[in-house]
Structures are given as C-alpha cells and as structure tokens.
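Here is the structure we will look at, set down as structure tokens.
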Amino acid sequence: MPGKLKSKWIGPYTIVGIRTNGAVEIQGSAPNFVPFLVNGHRVKVYRDNSELTEVTIDSTSKLNEDLLQVSLSAFAFLFSELVQYNQIQVDNIAELERRLEDAGYAVGARVLELLCHREKGNRRETRLLGILSFIHSTVWKVLFGKVADSLEKGTEHEDEYMISEKELLVNRFISIPKDMGAFNCGAFVAGIVRGVLDNAGFPAVVTAHFVPVDGHHRPRTTILIKFAEEVLQREARLG
C-alpha cells in the first residue's frame with residue numbers, strides 16, 4: 001500500500017496553541033493546512049540556515065540587540081514546559097500562580113541588573129514615576145519587543161498603578177481548561193515586575209488580572225502594582 005506509512009511530519013510547523021496537559025497545536029506553511037495536536041515532547045525547535053548568524057565579539061563592542069531575539073515558537077514551547085512542570089507540583093491554581101510568580105521574580109531581578117548596566121551606566125531609578133516608566137517602556141520592550149499598551153494610576157487608591165496589555169504574550173498560546181478558568185499565566189509577568197521593583201528599592205505587591213473588553217472575545221491582562229507604604233512616604237519626602 002504505497003504511502004500508507006508515509007510520515008505527515010514534513011515541517012517546519014508553527015505553534016498556534018498550547019494546552020495545559022502538554023499537547024501542542026501546530027500548523028504547516030501550506031494555506032489550507034489544518035492544525036493538529038501532538039505531544040509537546042515530540043516537538044523540537046526548528047532553525048534553518050537563515051536564522052544562524054556568525055557573531056564576533058570583542059571586549060569593547062556592544063552586542064547588537066537584534067542578535068538577542070528569541071524565536072516566538074521557541075519561547076511558547078519553553079514557557080509551556082515551565083507551566084506544565086509547576087502544574088504537576090501543586091494541587092491548586094493559587095499555588096501554581098505563586099510558583100510562576102517566583103520564577104518571574106528571578107527573571108526580573110536579573111533583567112534589572114542587565115539593563116541598569118547596559119542602558120544606564122549602573123544608575124538606577126530613585127523616583128516612583130521613573131521606575132514605572134522604566135518598566136512600561138525599557139523593560140517591556142526588551143522582554144516583548146514593544147512598550148506596554150498602557151500605564152495608569154489607580155482612581156481609588158493612591159498606592160496603585162496598572163500596566164495593561166490587550167494580548168499579553170504569555171497568555172497568547174495557552175488554552176485554559178474550564179476547571180482552571182481563573183488561572184492566569186500573567187502571574188509570571190507579575191513576578192518579573194515585582195522582581196524589578198523590589199530589587200530597585202520599590203517593594204510592592206504585584207498581581208495579574210483578566211479584564212473583560214467589550215466587543216472582544218479575549219480579555220486584556222492588567223498587572224496591578226500596589227506599592228508598600230514606605231515607598232509613598234519616601235516619594236513624599238523627595239517632593
């Protein structure tokens with residue numbers, strides 16, 4: 001029977017969705033290709049010759065930022081592995097989000113150290129609006145390739161600020177089962193923000209929330225920042 005055993009794995013494929021059970025939805029390059037589900041452990045990152053660049057570094061040169069880009073498919077796959085690993089370690093959504101936040105915190109601490117050295121000559125922000133602008137623009141652009149959609153001050157509480165994204169990258173490829181409807185992968189990004197703030201001397205409670213948007217199927221993600229009282233007191237003294 002010719003063709004009966006022919007493999008359908010003729011790549012490359014693009015990851016278009018990731019399920020919390022480890023399944024990955026992939027789609028080929030052909031216009032009429034129907035996406036299908038595969039076991040995530042059978043997927044490998046594909047790189048063709050156009051993605052390989054010879055890099056020469058000397059002690060006085062600054063790394064070209066374009067060479068530090070990460071494949072979106074690679075990020076989606078690795079992030080899904082992070083979620084799945086932590087999911088099997090816990091028995092409730094709150095604990096899973098806490099573990100993702102802790103993972104993000106470590107990233108935020110290192111991102112702050114890197115950017116202060118690379119962008120600011122080892123100087124750090126000392127004012128509240130300065131550090132918020134730094135996160136909204138510089139940090140967001142390094143992590144997600146763009147500035148955040150919005151940065152707003154809370155209308156009910158003086159110590160609250162919000163960074164919002166219409167489609168936060170970590171939520172784009174994750175399909176949440178109905179029994180985990182409250183789960184928000186944005187907890188990882190909330191951890192990054194908390195890591196930056198805490199290590200810059202602006203302790204705060206940072207949480208991720210879904211906010212419904214009229215006329216849109218998917219809600220936007222809001223990172224809510226609630227600063228510690230000591231931050232507001234210091235800001236008042238600085239005028």
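Residue numbering restarts at 1 in every chain; chains get A, B, ... in the order shown in the structure tokens, and ligands count up from 1 in that same order.
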Exercise for review: Find the residues near segment 143-160 of chain A: any atom within 9 Å, counting only C-alpha atoms, skip ones fewer than 3 places away on the same chain, and give them as a ChimeraX atom specification.
Suggested key: /A:69,111,132-133,135-140,163-166,168-169,224-229,231-232
Practice item. From segment 72-142 of chain A, collect each residue whose DSSP state is helix (DSSP H, G or I) and return the set as JSON, numbers by chain. Key: {"A": [72, 73, 74, 75, 76, 77, 78, 79, 80, 81, 82, 83, 84, 85, 86, 87, 93, 94, 95, 96, 97, 98, 99, 100, 101, 102, 103, 104, 105, 106, 107, 108, 109, 110, 111, 112, 113, 114, 115, 116, 117, 118, 119, 128, 129, 130, 131, 132, 133, 134, 135, 136, 137, 138, 139, 140, 141, 142]}
What are the nearest atom pairs, with distances in Å to one decimal, for all residues of segment 99-134 of chain A that come at most 9 Å from segment 200-205 of chain A, using only C-alpha atoms, set out by chain and rising residue number as JSON lines?
{"residue": "A:Ala109", "atom": "CA", "partner": "A:Ala200", "partner_atom": "CA", "distance": 8.6}
{"residue": "A:Leu112", "atom": "CA", "partner": "A:Ala200", "partner_atom": "CA", "distance": 7.6}
{"residue": "A:Arg124", "atom": "CA", "partner": "A:Ala200", "partner_atom": "CA", "distance": 6.9}
{"residue": "A:Glu125", "atom": "CA", "partner": "A:Ala200", "partner_atom": "CA", "distance": 7.2}
{"residue": "A:Thr126", "atom": "CA", "partner": "A:Ala200", "partner_atom": "CA", "distance": 8.1}
{"residue": "A:Leu128", "atom": "CA", "partner": "A:Phe202", "partner_atom": "CA", "distance": 7.7}
{"residue": "A:Ile131", "atom": "CA", "partner": "A:Ala200", "partner_atom": "CA", "distance": 8.1}
Exercise for review: Please provide the set of residues having any atom within 12 Å of Lys178 of chain A, restricted to only C-alpha atoms, with same-chain residues fewer than 3 positions apart removed, written as a list in words.
Suggested key: Arg19, Thr20, Ser175, Gly181, Ala182 and Phe183 of chain A
Given the selection you just returned, output its residues as a file containing N, CA, C and O atoms, formatted as a PDB file, in the first residue's frame.
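Okay, out-v3.pdb is ready:
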ATOM      1  N   ARG A  19      -1.774  23.457  25.100  1.00  0.00           N
ATOM      2  CA  ARG A  19      -2.726  23.042  26.112  1.00  0.00           C
ATOM      3  C   ARG A  19      -2.000  22.770  27.428  1.00  0.00           C
ATOM      4  O   ARG A  19      -0.814  22.409  27.436  1.00  0.00           O
ATOM      5  N   THR A  20      -2.708  22.931  28.518  1.00  0.00           N
ATOM      6  CA  THR A  20      -2.068  22.741  29.823  1.00  0.00           C
ATOM      7  C   THR A  20      -1.708  21.278  30.085  1.00  0.00           C
ATOM      8  O   THR A  20      -0.933  20.984  30.987  1.00  0.00           O
ATOM      9  N   SER A 175      -4.206  27.526  26.259  1.00  0.00           N
ATOM     10  CA  SER A 175      -5.638  27.225  26.329  1.00  0.00           C
ATOM     11  C   SER A 175      -5.951  26.750  27.740  1.00  0.00           C
ATOM     12  O   SER A 175      -5.411  25.734  28.186  1.00  0.00           O
ATOM     13  N   GLY A 181     -10.452  27.868  35.006  1.00  0.00           N
ATOM     14  CA  GLY A 181     -10.851  29.107  34.369  1.00  0.00           C
ATOM     15  C   GLY A 181     -10.241  30.357  34.971  1.00  0.00           C
ATOM     16  O   GLY A 181     -10.072  31.363  34.287  1.00  0.00           O
ATOM     17  N   ALA A 182      -9.891  30.326  36.252  1.00  0.00           N
ATOM     18  CA  ALA A 182      -9.339  31.517  36.908  1.00  0.00           C
ATOM     19  C   ALA A 182      -7.824  31.617  36.769  1.00  0.00           C
ATOM     20  O   ALA A 182      -7.229  32.613  37.181  1.00  0.00           O
ATOM     21  N   PHE A 183      -7.204  30.618  36.172  1.00  0.00           N
ATOM     22  CA  PHE A 183      -5.744  30.600  36.074  1.00  0.00           C
ATOM     23  C   PHE A 183      -5.251  31.653  35.088  1.00  0.00           C
ATOM     24  O   PHE A 183      -5.768  31.782  33.986  1.00  0.00           O
TER      25      PHE A 183
END
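Atom CA of Ala190 of chain A is positioned 16.7 Å from atom CA of Pro219 of chain A.
Residues in contact range of Arg110 of chain A, defined as at most 10 Å between only C-alpha atoms, with sequence neighbours fewer than 4 positions away removed, read Tyr105, Ala106, Leu114, Leu115, Cys116, Ile192, Gly195, Val196 and Asn199 of chain A.
Atom pair atom CA of Ile93 of chain A / atom CA of Thr14 of chain A: separated by 28.7 Å.
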Exercise for review: Please provide the set of residues having any atom within 12 Å of Gly186 of chain A, restricted to only C-alpha atoms, with same-chain residues fewer than 2 positions apart removed, written as a VMD selection string.
Suggested key: chain A and resid 79 83 96 to 101 103 to 104 163 to 165 167 to 172 174 182 to 184 188 to 193 206 to 210 220 to 224
Taking C-alpha atoms for each residue, export the selection above as a short mmCIF file (atom, residue, chain, number, x, y, z; two decimals), in the first residue's frame.
data_model
loop_
_atom_site.label_atom_id
_atom_site.label_comp_id
_atom_site.auth_asym_id
_atom_site.auth_seq_id
_atom_site.Cartn_x
_atom_site.Cartn_y
_atom_site.Cartn_z
CA PHE A 79 7.07 28.57 28.64
CA VAL A 83 3.81 25.81 33.29
CA LEU A 96 0.58 27.36 40.60
CA GLU A 97 0.38 31.12 40.07
CA ARG A 98 2.64 31.69 43.07
CA ARG A 99 5.28 29.38 41.62
CA LEU A 100 5.10 31.15 38.26
CA GLU A 101 5.42 34.49 40.04
CA ALA A 103 10.04 32.13 38.59
CA GLY A 104 9.31 35.54 37.09
CA ILE A 163 0.13 48.19 33.36
CA SER A 164 -2.26 46.72 30.78
CA GLU A 165 -1.80 44.59 27.66
CA GLU A 167 -2.81 40.39 24.45
CA LEU A 168 -0.04 39.53 26.90
CA LEU A 169 2.46 37.20 25.23
CA VAL A 170 2.40 34.53 27.95
CA ASN A 171 -1.39 34.19 27.60
CA ARG A 172 -1.48 34.14 23.80
CA ILE A 174 -2.24 28.93 26.40
CA ALA A 182 -9.34 31.52 36.91
CA PHE A 183 -5.74 30.60 36.07
CA ASN A 184 -3.70 33.49 34.64
CA PHE A 188 4.84 35.06 35.56
CA VAL A 189 5.00 38.63 34.21
CA ALA A 190 3.72 39.97 37.55
CA GLY A 191 6.69 38.21 39.13
CA ILE A 192 9.06 39.87 36.65
CA VAL A 193 7.65 43.29 37.51
CA VAL A 206 2.10 42.74 42.09
CA THR A 207 -0.75 40.62 40.71
CA ALA A 208 -2.15 39.74 37.27
CA HIS A 209 -5.85 40.05 36.42
CA PHE A 210 -8.08 39.43 33.42
CA ARG A 220 -6.93 42.08 28.37
CA THR A 221 -4.39 41.41 31.10
CA THR A 222 -3.74 44.04 33.75
CA ILE A 223 -0.69 43.92 36.00
CA LEU A 224 -1.78 45.60 39.25
#
Review point. Atom CA of His216 of chain A to atom CA of Ala74 of chain A: how many Å, to one decimal?
Key: 27.4 Å
Practice item. Please return as a PyMOL selection string: the residues of segment 109-229 of chain A that backbone DSSP assigns to strand (DSSP E). Key: chain A and resi 150-153+160-165+174-175+204-211+220-227
Could you please take those selected residues and save N, CA and C atoms as an mmCIF file, in the first residue's frame?
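Okay, result.cif is ready:
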data_model
loop_
_atom_site.group_PDB
_atom_site.id
_atom_site.type_symbol
_atom_site.label_atom_id
_atom_site.label_comp_id
_atom_site.auth_asym_id
_atom_site.auth_seq_id
_atom_site.Cartn_x
_atom_site.Cartn_y
_atom_site.Cartn_z
ATOM 1 N N SER A 150 -0.528 50.324 28.035
ATOM 2 C CA SER A 150 -0.911 51.476 28.860
ATOM 3 C C SER A 150 -0.314 51.371 30.254
ATOM 4 N N LEU A 151 -0.110 52.537 30.858
ATOM 5 C CA LEU A 151 0.306 52.654 32.256
ATOM 6 C C LEU A 151 -0.621 53.677 32.892
ATOM 7 N N GLU A 152 -1.363 53.264 33.932
ATOM 8 C CA GLU A 152 -2.363 54.141 34.541
ATOM 9 C C GLU A 152 -2.245 54.127 36.057
ATOM 10 N N LYS A 153 -2.639 55.228 36.644
ATOM 11 C CA LYS A 153 -2.704 55.323 38.101
ATOM 12 C C LYS A 153 -4.103 54.929 38.554
ATOM 13 N N GLU A 160 -1.747 52.524 44.037
ATOM 14 C CA GLU A 160 -1.956 51.525 42.997
ATOM 15 C C GLU A 160 -1.713 52.094 41.597
ATOM 16 N N TYR A 161 -1.039 51.294 40.782
ATOM 17 C CA TYR A 161 -0.798 51.609 39.372
ATOM 18 C C TYR A 161 -1.060 50.346 38.559
ATOM 19 N N MET A 162 -1.392 50.531 37.281
ATOM 20 C CA MET A 162 -1.743 49.394 36.436
ATOM 21 C C MET A 162 -1.024 49.465 35.092
ATOM 22 N N ILE A 163 -0.439 48.347 34.702
ATOM 23 C CA ILE A 163 0.129 48.190 33.356
ATOM 24 C C ILE A 163 -0.758 47.187 32.629
ATOM 25 N N SER A 164 -1.294 47.580 31.484
ATOM 26 C CA SER A 164 -2.256 46.721 30.777
ATOM 27 C C SER A 164 -1.748 46.329 29.396
ATOM 28 N N GLU A 165 -2.119 45.117 28.983
ATOM 29 C CA GLU A 165 -1.799 44.593 27.660
ATOM 30 C C GLU A 165 -3.053 43.955 27.069
ATOM 31 N N ILE A 174 -1.823 29.848 25.349
ATOM 32 C CA ILE A 174 -2.238 28.934 26.398
ATOM 33 C C ILE A 174 -3.751 28.766 26.382
ATOM 34 N N SER A 175 -4.206 27.526 26.259
ATOM 35 C CA SER A 175 -5.638 27.225 26.329
ATOM 36 C C SER A 175 -5.951 26.750 27.740
ATOM 37 N N ALA A 204 6.624 46.123 46.457
ATOM 38 C CA ALA A 204 5.217 46.221 46.085
ATOM 39 C C ALA A 204 4.617 44.830 45.974
ATOM 40 N N VAL A 205 3.301 44.765 46.087
ATOM 41 C CA VAL A 205 2.552 43.546 45.786
ATOM 42 C C VAL A 205 2.092 43.665 44.340
ATOM 43 N N VAL A 206 2.429 42.681 43.521
ATOM 44 C CA VAL A 206 2.105 42.742 42.094
ATOM 45 C C VAL A 206 1.288 41.505 41.711
ATOM 46 N N THR A 207 0.136 41.722 41.094
ATOM 47 C CA THR A 207 -0.752 40.622 40.714
ATOM 48 C C THR A 207 -1.237 40.813 39.282
ATOM 49 N N ALA A 208 -1.643 39.710 38.656
ATOM 50 C CA ALA A 208 -2.147 39.744 37.274
ATOM 51 C C ALA A 208 -3.646 39.457 37.276
ATOM 52 N N HIS A 209 -4.394 40.198 36.465
ATOM 53 C CA HIS A 209 -5.847 40.051 36.423
ATOM 54 C C HIS A 209 -6.343 40.116 34.981
ATOM 55 N N PHE A 210 -7.394 39.330 34.698
ATOM 56 C CA PHE A 210 -8.084 39.429 33.421
ATOM 57 C C PHE A 210 -9.161 40.499 33.540
ATOM 58 N N VAL A 211 -9.263 41.354 32.522
ATOM 59 C CA VAL A 211 -10.283 42.405 32.500
ATOM 60 C C VAL A 211 -11.059 42.285 31.195
ATOM 61 N N ARG A 220 -8.289 41.556 28.258
ATOM 62 C CA ARG A 220 -6.934 42.077 28.369
ATOM 63 C C ARG A 220 -6.376 41.672 29.733
ATOM 64 N N THR A 221 -5.061 41.747 29.843
ATOM 65 C CA THR A 221 -4.394 41.407 31.102
ATOM 66 C C THR A 221 -3.876 42.690 31.746
ATOM 67 N N THR A 222 -4.204 42.871 33.009
ATOM 68 C CA THR A 222 -3.738 44.037 33.754
ATOM 69 C C THR A 222 -2.813 43.589 34.880
ATOM 70 N N ILE A 223 -1.638 44.175 34.924
ATOM 71 C CA ILE A 223 -0.688 43.917 36.004
ATOM 72 C C ILE A 223 -0.906 45.014 37.047
ATOM 73 N N LEU A 224 -1.458 44.643 38.190
ATOM 74 C CA LEU A 224 -1.782 45.600 39.246
ATOM 75 C C LEU A 224 -0.616 45.701 40.226
ATOM 76 N N ILE A 225 -0.135 46.922 40.434
ATOM 77 C CA ILE A 225 1.004 47.177 41.319
ATOM 78 C C ILE A 225 0.522 47.977 42.520
ATOM 79 N N LYS A 226 0.699 47.436 43.700
ATOM 80 C CA LYS A 226 0.314 48.133 44.940
ATOM 81 C C LYS A 226 1.576 48.338 45.769
ATOM 82 N N PHE A 227 2.042 49.575 45.825
ATOM 83 C CA PHE A 227 3.317 49.875 46.479
ATOM 84 C C PHE A 227 3.194 49.842 48.004
#
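Neighbouring residues of Gly239 of chain A at 10 Å or closer, counting only C-alpha atoms and skipping chain neighbours under 5 positions away, are Arg127, Gln233 and Arg234 of chain A.
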Point to revise | Residue neighbourhood Ala76 of chain A, 8 Å, only C-alpha atoms, exclusion window fewer than 2 positions, as number ranges by chain | key: A: 15, 18, 72-74, 78-80, 170, 173
